[in-house]
Structure formats: C-alpha cells, structure tokens
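**Q** You'll find start15.txt just under this line, and it carries compact mmCIF, C-alpha atoms.
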# COMPACT_ATOMS: atom_id res chain seq x y z
CA MET A 171 -3.53 -12.02 -0.58
CA THR A 172 -2.17 -8.48 -0.94
CA VAL A 173 -1.28 -6.52 -4.04
CA PHE A 174 2.33 -6.53 -2.80
CA SER A 175 2.48 -10.33 -2.66
CA VAL A 176 1.25 -10.51 -6.25
CA GLN A 177 3.76 -7.89 -7.37
CA HIS A 178 6.63 -9.72 -5.68
CA PHE A 179 5.58 -13.00 -7.33
CA LEU A 180 5.46 -11.34 -10.76
CA GLU A 181 8.83 -9.66 -10.33
CA ASP A 182 10.42 -12.97 -9.40
CA HIS A 183 8.66 -14.70 -12.32
CA PHE A 184 9.93 -12.15 -14.82
CA GLU A 185 13.47 -12.27 -13.41
CA GLN A 186 13.59 -16.06 -13.59
CA ARG A 187 12.58 -15.92 -17.26
CA GLY A 188 15.06 -13.15 -18.04
CA LEU A 189 12.34 -10.66 -18.98
CA ALA A 190 13.01 -6.93 -18.67
CA ASP A 191 10.31 -4.92 -16.89
CA ILE A 192 11.05 -1.34 -17.97
CA ASP A 193 7.74 0.34 -17.09
CA GLN A 194 6.55 -1.34 -13.87
CA TYR A 195 4.43 -3.92 -15.72
CA ALA A 196 4.50 -6.13 -12.60
CA VAL A 197 2.97 -3.29 -10.57
CA ARG A 198 0.25 -2.69 -13.16
CA VAL A 199 -0.66 -6.38 -13.42
CA ALA A 200 -0.75 -6.72 -9.62
CA ASN A 201 -3.08 -3.72 -9.31
CA ALA A 202 -5.34 -5.03 -12.08
CA PHE A 203 -5.49 -8.51 -10.52
CA GLU A 204 -6.30 -7.08 -7.09
CA ARG A 205 -9.43 -5.40 -8.52
CA ILE A 206 -10.76 -8.57 -10.19
CA PRO A 207 -13.64 -10.22 -8.26
CA ALA A 208 -13.26 -13.70 -6.82
CA ASP A 209 -14.10 -16.85 -8.80
CA MET A 210 -13.33 -15.38 -12.24
CA ALA A 211 -12.20 -17.66 -15.07
CA VAL A 212 -8.72 -17.60 -16.61
CA GLU A 213 -10.08 -16.01 -19.81
CA PHE A 214 -11.66 -13.13 -17.89
CA VAL A 215 -8.47 -12.44 -15.91
CA ALA A 216 -6.38 -12.59 -19.10
CA ARG A 217 -8.67 -10.04 -20.79
CA GLN A 218 -8.31 -7.64 -17.85
CA ILE A 219 -4.53 -7.97 -17.95
CA GLY A 220 -4.65 -7.47 -21.71
CA ARG A 221 -6.07 -3.97 -21.25
CA ILE A 222 -2.87 -2.74 -19.63
CA HIS A 223 -0.86 -0.28 -21.71
CA THR A 224 2.80 -1.28 -21.49
CA ALA A 225 6.09 -1.40 -23.35
CA PHE A 226 6.83 -4.78 -21.74
CA PHE A 227 6.14 -6.79 -24.90
CA ARG A 228 8.10 -4.47 -27.19
CA ARG A 229 11.08 -4.91 -24.89
CA ASN A 230 10.59 -8.70 -24.81
CA PRO A 231 9.60 -9.47 -28.42
CA ALA A 232 10.29 -13.20 -28.15
CA ILE A 233 7.05 -13.80 -26.21
CA GLU A 234 3.58 -13.81 -27.76
CA ARG A 235 1.39 -11.42 -25.79
CA LYS A 236 -1.99 -13.18 -25.72
CA GLU A 237 -0.55 -16.56 -24.79
CA PHE A 238 1.73 -14.97 -22.19
CA GLU A 239 -1.21 -13.13 -20.62
CA ARG A 240 -3.23 -16.33 -20.45
CA GLN A 241 -0.35 -18.19 -18.81
CA LEU A 242 0.10 -15.29 -16.39
CA ALA A 243 -3.60 -15.30 -15.48
CA SER A 244 -3.53 -19.05 -14.91
CA ALA A 245 -0.42 -18.81 -12.71
CA LEU A 246 -1.93 -15.99 -10.62
CA LEU A 247 -5.18 -17.84 -10.05
CA ARG A 248 -3.30 -20.99 -9.01
CA ARG A 249 -0.99 -19.13 -6.66
CA PHE A 250 -3.42 -16.62 -5.14
CA LYS A 251 -6.83 -17.78 -3.97
CA LYS A 252 -8.91 -14.62 -4.06
CA LYS A 253 -11.16 -14.11 -1.05
CA GLU A 254 -13.81 -11.47 -1.49
CA HIS A 255 -13.84 -10.33 2.12
CA ASP A 256 -10.41 -11.35 3.34
CA ILE A 257 -9.48 -8.17 5.24
CA GLY A 258 -12.25 -5.82 4.11
CA LEU A 259 -10.38 -4.28 1.17
CA ASP A 260 -13.45 -4.25 -1.08
CA ALA A 261 -15.61 -2.36 1.41
CA PHE A 262 -12.72 0.01 2.10
CA GLU A 263 -12.24 0.71 -1.62
CA ARG A 264 -15.94 1.46 -2.09
CA ALA A 265 -15.76 4.05 0.69
CA LEU A 266 -13.08 6.16 -1.03
CA ALA A 267 -15.36 8.48 -3.01
CA PRO A 268 -15.53 11.21 -0.30
CA ALA A 269 -11.73 11.25 0.04
CA ARG A 270 -11.36 11.42 -3.74
CA ARG A 271 -13.72 14.44 -3.92
CA ARG A 272 -11.93 16.25 -1.11
CA LEU A 273 -8.51 15.70 -2.65
CA ARG A 274 -9.68 16.96 -6.03
CA ALA A 275 -10.92 20.15 -4.37
CA ARG A 276 -7.52 20.83 -2.74
CA GLN A 277 -3.98 21.23 -3.95
CA ARG A 278 -2.69 17.68 -4.14
CA SER A 279 0.16 16.81 -1.80
CA ILE A 280 1.50 13.74 -0.05
CA LYS A 281 0.44 15.28 3.27
CA CYS A 282 -3.19 15.60 2.12
CA LEU A 283 -3.15 12.08 0.69
CA LEU A 284 -1.82 10.44 3.86
CA SER A 285 -4.09 12.52 6.10
CA GLU A 286 -7.11 11.36 4.11
CA PHE A 287 -5.80 7.80 4.32
CA ALA A 288 -5.65 8.02 8.11
CA LEU A 289 -9.25 9.27 8.23
CA ALA A 290 -10.43 6.52 5.88
CA VAL A 291 -8.77 3.75 7.92
CA GLU A 292 -10.16 5.12 11.18
CA ALA A 293 -13.64 5.25 9.63
CA ARG A 294 -13.70 2.02 7.61
CA GLY A 295 -10.67 -0.17 8.18
CA LEU A 296 -10.02 -0.74 11.88
CA ASP A 297 -11.36 -4.30 12.07
CA ALA A 298 -8.86 -5.42 9.41
CA PHE A 299 -6.00 -5.17 11.91
CA TRP A 300 -7.59 -7.21 14.70
CA THR A 301 -8.52 -10.80 15.36
CA SER A 302 -10.05 -9.50 18.59
CA ARG A 303 -9.70 -5.84 19.50
CA LYS A 304 -11.49 -6.47 22.78
CA ASN A 305 -8.79 -8.96 23.80
CA GLY A 306 -5.94 -7.03 22.19
CA VAL A 307 -5.14 -9.72 19.60
CA LEU A 308 -3.77 -8.41 16.30
CA ARG A 309 -3.92 -10.24 12.99
CA ALA A 310 -0.69 -11.66 11.63
CA LYS A 311 1.54 -9.15 9.80
CA PRO A 312 -0.47 -5.98 10.48
CA GLU A 313 2.13 -3.84 8.70
CA LYS A 314 1.47 -5.79 5.49
CA ILE A 315 -2.26 -5.13 5.95
CA ALA A 316 -1.50 -1.42 6.27
CA GLN A 317 0.56 -1.58 3.07
CA ALA A 318 -2.35 -3.21 1.24
CA PHE A 319 -4.80 -0.57 2.46
CA LEU A 320 -2.45 2.24 1.47
CA ALA A 321 -2.00 0.77 -2.01
CA VAL A 322 -5.76 0.45 -2.52
CA PHE A 323 -6.34 3.95 -1.17
CA ALA A 324 -3.65 5.69 -3.21
CA LYS A 325 -4.67 3.89 -6.40
CA GLY A 326 -8.33 4.62 -5.75
CA VAL A 327 -7.95 8.35 -5.18
CA LEU A 328 -5.10 9.06 -7.62
CA GLY A 329 -6.21 6.84 -10.49
CA GLY A 330 -3.70 7.11 -13.31
CA ASP A 331 -2.09 10.24 -11.86
CA GLY A 332 0.14 8.34 -9.47
CA LEU A 333 1.97 5.08 -8.98
CA VAL A 334 2.28 2.99 -5.82
CA LEU A 335 5.38 0.82 -5.49
CA ARG A 336 5.93 -2.07 -3.08
CA GLU A 337 9.08 -2.28 -0.97
CA VAL A 338 11.22 -0.01 -3.11
CA GLY A 339 14.82 -1.21 -3.12
CA SER A 340 17.07 1.34 -1.40
CA GLY A 341 20.68 0.47 -0.63
CA ILE A 342 20.60 -2.82 1.26
CA GLY A 343 17.00 -2.39 2.44
CA PHE A 344 13.50 -1.73 1.18
CA VAL A 345 11.21 1.24 1.76
CA ASP A 346 7.73 -0.09 2.61
CA VAL A 347 5.84 2.05 0.08
CA GLY A 348 6.85 4.57 -2.56
CA ILE A 349 4.17 6.90 -3.94
CA LEU A 350 5.13 8.55 -7.20
CA PHE A 351 3.58 11.93 -8.06
CA GLY A 352 4.95 13.05 -11.41
CA ARG A 353 8.70 12.71 -11.02
CA ILE A 354 8.80 12.87 -7.22
CA LEU A 355 9.04 9.63 -5.24
CA HIS A 356 7.66 10.03 -1.72
CA LEU A 357 9.06 7.54 0.79
CA VAL A 358 6.57 6.08 3.28
CA GLU A 359 7.60 3.73 6.07
CA LEU A 360 4.77 1.94 7.93
CA LYS A 361 5.12 0.79 11.52
CA VAL A 362 2.69 -0.68 14.02
CA LEU A 363 3.05 1.32 17.23
CA LYS A 364 2.66 -0.98 20.25
CA THR A 365 4.93 0.70 22.80
CA GLN A 366 7.89 2.81 21.65
CA LEU A 367 8.31 4.86 18.50
CA SER A 368 10.41 3.02 15.92
CA GLY A 369 11.33 3.28 12.26
CA THR A 370 12.91 6.75 12.26
CA GLY A 371 16.49 5.53 11.88
CA GLN A 372 15.48 3.12 9.13
CA LEU A 373 13.60 5.83 7.21
CA ALA A 374 16.45 8.31 7.63
CA THR A 375 18.81 5.78 6.03
CA TYR A 376 16.48 5.41 3.03
CA MET A 377 16.18 9.20 2.73
CA ARG A 378 19.95 9.54 2.65
CA THR A 379 20.29 6.74 0.09
CA GLU A 380 17.60 8.22 -2.16
CA GLY A 381 18.70 11.83 -1.73
CA ARG A 382 15.33 12.87 -0.30
CA GLN A 383 15.08 15.66 2.25
CA GLU A 384 11.72 14.48 3.54
CA GLY A 385 10.19 11.13 4.43
CA TRP A 386 6.92 9.98 5.98
CA LEU A 387 6.53 7.63 8.94
CA LEU A 388 2.98 6.29 9.09
CA LEU A 389 2.15 4.79 12.48
CA ILE A 390 -0.69 2.31 12.97
CA ASP A 391 -1.26 3.04 16.66
CA VAL A 392 -2.69 -0.02 18.41
CA ARG A 393 -1.96 1.12 21.98
CA GLN A 394 -4.74 1.23 24.53
CA THR A 395 -6.01 4.70 25.28
CA GLN A 396 -4.62 4.80 28.80
CA ASN A 397 -1.15 3.95 27.51
CA VAL A 398 -1.03 6.57 24.76
CA SER A 399 1.81 9.08 25.02
CA ALA A 400 2.29 12.04 22.72
CA ILE A 401 3.94 11.40 19.35
CA PRO A 402 5.77 14.29 17.61
CA SER A 403 4.47 15.39 14.24
CA ALA A 404 8.01 15.70 12.86
CA LEU A 405 11.62 14.91 13.67
CA SER A 406 14.83 16.41 12.31
CA THR A 407 17.61 14.02 11.31
CA PRO A 408 20.95 14.54 9.53
CA ALA A 409 19.30 13.07 6.42
CA GLY A 410 16.35 15.48 6.49
CA ARG A 411 12.95 15.90 8.08
CA ILE A 412 10.74 12.96 8.98
CA ARG A 413 7.03 13.73 9.03
CA ILE A 414 5.02 11.51 11.37
CA LEU A 415 1.35 10.68 10.94
CA ARG A 416 -0.61 8.56 13.39
CA VAL A 417 -3.57 6.33 12.53
CA ASN A 418 -5.58 5.55 15.66
CA ALA A 419 -6.31 1.85 15.20
CA ASN A 420 -7.51 1.24 18.75
CA PRO A 421 -9.97 4.01 19.73
CA PRO A 422 -12.15 3.56 22.82
CA PRO A 423 -15.82 2.69 22.28
CA PRO A 424 -17.98 5.84 22.05
CA HIS A 425 -19.49 5.31 25.50
CA LYS A 426 -15.98 5.13 26.99
CA ALA A 427 -14.45 8.03 25.10
CA PRO A 428 -13.37 10.91 27.37
CA LYS A 429 -15.78 13.83 27.46
CA ARG A 430 -14.62 17.17 26.08
Show the structure stored in the file as structure tokens.
**A**
Amino acid sequence: MTVFSVQHFLEDHFEQRGLADIDQYAVRVANAFERIPADMAVEFVARQIGRIHTAFFRRNPAIERKEFERQLASALLRRFKKKEHDIGLDAFERALAPARRRLRARQRSIKCLLSEFALAVEARGLDAFWTSRKNGVLRAKPEKIAQAFLAVFAKGVLGGDGLVLREVGSGIGFVDVGILFGRILHLVELKVLKTQLSGTGQLATYMRTEGRQEGWLLLIDVRQTQNVSAIPSALSTPAGRIRILRVNANPPPPHKAPKR
C-alpha cells in the first residue's frame, strides 16, 4: 500500500458519487490513513479522518459527515490491508527528525528538501528498493516506492506548511509528484536509473504545460558502481531548466568502497 494508491482510490470514489473535492480532501485523508498503525478498528480510523479540517462537507451538504467518515474508514480498511513493515516506511519516517531540524535552520527551498531526501534514503531507505541487492533484483514498481518515500518525507519535514500531490494531471500526462510551497507548485519526476538517463523530455513537456521554468528530475540510481557514468546536475531545454538529483541506491559495501 502507498499513500498514492489510497489517494487514487478516494479520488475515483468521490468522482463516482459526484462529490466535489475543492480542497484536496482525498490527499488529506490518504495522508491521515497512511499514518494510522496496522490492525486499527473502523471507529478509530473514522475518528482520525474526522480530525481533518476541510470544506468538503460544506460543498457536499447532502452527505452526513460522521456516517460518511465511518463508511470511508470501512472501505479503506477493506481495500488496503495495512502492513506495518511493508517497505520500511515507518522506520524511515521515524528517522526524519535530523532532516527536519536542518531544514528549519536553513532557508527553505525545494533544492534543500530534495537534497535532504536523497541523504535520508541513502541512510535509511535503500533496502526498500531491493528484493536482493546482492543479486541485482529490484522490487516491483520501484518508482512507486520512491514516490511513497518522497510523500512521507515531505509531509514529515514540512508538516502543515506544504502539500504533496500524487500524479498531478498535466496536459495528457501526469507529473509523478507535485510539492506545493505556498503558491508555488514544484514539479518532480522520479525515474529509476538502470542504464541511460531518461525522463527529461517528459518533464520538459510538463514544465511547458504548467508554465514552469524549472523542474526536478530525481534519479534512483541502481547501477553497479563499475557501470556508473557521470550525470549532469542540470540540463537546459526550450521549456526551461531541469535540475537533476541522484539518489545512490546501490552503493558498494564499505569494505569494497574505493579509497580516497
């Protein structure tokens, strides 16, 4: 289960019922549900959802809030079996305090946030991407895992000062992650780097569609050390500048690391 899967389910559910989501209620419910421990009862989940501040029910006055929240909690628990240690999200989230302190001490920017994310994944999240790193076997859908980690990280360090959006609709495609600081939506495309650099053309299209002069390409680099070639830190495109940040998801063991 990822927060994005829950959000997508909620968005579809609301659309099928003809309910207007004017303030990202689906996003807020998905984030709240992701933080709830495993094996919680419907009543507990409904109470957590009930704490969300939203205009959703004023916009949809025909539904009764408490009953709707209970039905929503029941549907989420049926659809999504919560596993406490599925891909290590809980341990990763508990390790965010140092990054949160460092970001508070600096001028906040998307560059600082993503740089801290890369450090946190390299320190605490590498095993989430691999079934067997020794044998070079990745888990299924590693880009979705990266999305889940980024959502947990951004929410954990920004709190209520930012908003993380799943697969933001842009033209005929979807940007992997949008991080909203104030009124600025930062576009982040995530790619697993196995051989050749990819994703720049896709991101440039989204930048042009959204009228953004800058976008971020976040690479989960799973290449073996001996096959690693240099990756540029930025690329210029007709749509604007693409900033590139690499997360080293396949470092050599300490005893095999090259000496400096």
**Q** Dump as a VMD selection string all residues having an atom at most 9 Å from (19.6, 10.5, 7.0), computed in the file's coordinates with only C-alpha atoms.
**A** chain A and resid 371 to 379 381 to 383 407 to 411
**Q** Using only C-alpha atoms, pick whichever of A:Leu415, A:Ala202, A:Val197, A:Ala243 has the shortest atom-to-atom distance to A:Phe214.
**A**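 Looking only at the distances to A:Phe214, the closest residue turns out to be A:Ala243.
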**Q** Can you work out which one of A:Ala232, A:Ala190, A:Val212, A:Val291 has the shortest atom-to-atom distance to A:Pro421, counting only C-alpha atoms?
**A**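 Nearest candidate to A:Pro421 out of A:Ala232, A:Ala190, A:Val212, A:Val291: A:Val291.
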**Q** Name all residues at most 12 Å from A:Val176 (count all atoms listed in the file; drop same-chain ones fewer than 3 positions away) and give them as a PyMOL selection string.
**A** chain A and resi 171-173+179-183+195-204+242-243+245-252+318+336
**Q** Would you please work out which residue, of A:Gly295, A:Leu357, A:Ile401, A:Ile315, is nearest to A:Glu380 when using all atoms listed in the file?
**A**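 For A:Glu380, the nearest of the candidates is A:Leu357.
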**Q** Just the number, please: distance in Å from atom CA of A:Asn418 to atom CA of A:Phe299, one decimal.
**A**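 So the answer is 11.4 Å.
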**Q** Show me, as CSV, the residues of stretch 346-389 of chain A having an atom within 12 Å of stretch 263-281 of chain A, each with the closest atom pair and its distance in Å, using all atoms listed in the file.
**A**
residue,atom,partner,partner_atom,distance
A:Gly348,CA,A:Ile280,CA,10.9
A:Ile349,CA,A:Ile280,CA,8.3
A:Leu350,CA,A:Ile280,CA,9.6
A:Phe351,CA,A:Ile280,CA,8.5
A:Gly352,CA,A:Ser279,CA,11.4
A:Ile354,CA,A:Ile280,CA,10.3
A:Leu355,CA,A:Ile280,CA,10.0
A:His356,CA,A:Ile280,CA,7.4
A:Leu357,CA,A:Ile280,CA,9.8
A:Val358,CA,A:Ile280,CA,9.8
A:Glu384,CA,A:Ile280,CA,10.9
A:Gly385,CA,A:Ile280,CA,10.1
A:Trp386,CA,A:Lys281,CA,8.8
A:Leu387,CA,A:Lys281,CA,11.3
A:Leu388,CA,A:Lys281,CA,11.0
**Q** What residues have an atom no more than 8 Å from (1.8, 7.6, 12.4) in the file's own frame, counting all atoms listed in the file, and can you write them as a list in words?
**A**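 Returned residue set, sorted by chain then number, is Leu360, Lys361, Leu387, Leu388, Leu389, Ile390, Asp391, Ile414, Leu415, Arg416 and Val417 of chain A.
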**Q** Have a look at atom CA of A:Leu363 and atom CA of A:Ser175 and let me know their distance in Å, one decimal.
**A**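 So the answer is 23.1 Å.
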**Q** How many Å lie between atom CA of A:Leu189 and atom CA of A:Ile219, rounded to one decimal?
**A**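 One can read the atom CA of A:Leu189 to atom CA of A:Ile219 distance as 17.1 Å.
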**Q** Would you please work out which residue, of A:Ala419, A:Ala400, A:Val327, A:Ala216, is nearest to A:Cys282 when using only C-alpha atoms?
**A**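 The shortest atom-to-atom distance to A:Cys282 comes from A:Val327.
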**Q** Calculated over all atoms listed in the file, which of the candidates A:Ala290, A:Val215, A:Ala310, A:Met210 has the smallest distance to A:Gly326?
**A**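 Looking only at the distances to A:Gly326, the closest residue turns out to be A:Ala290.
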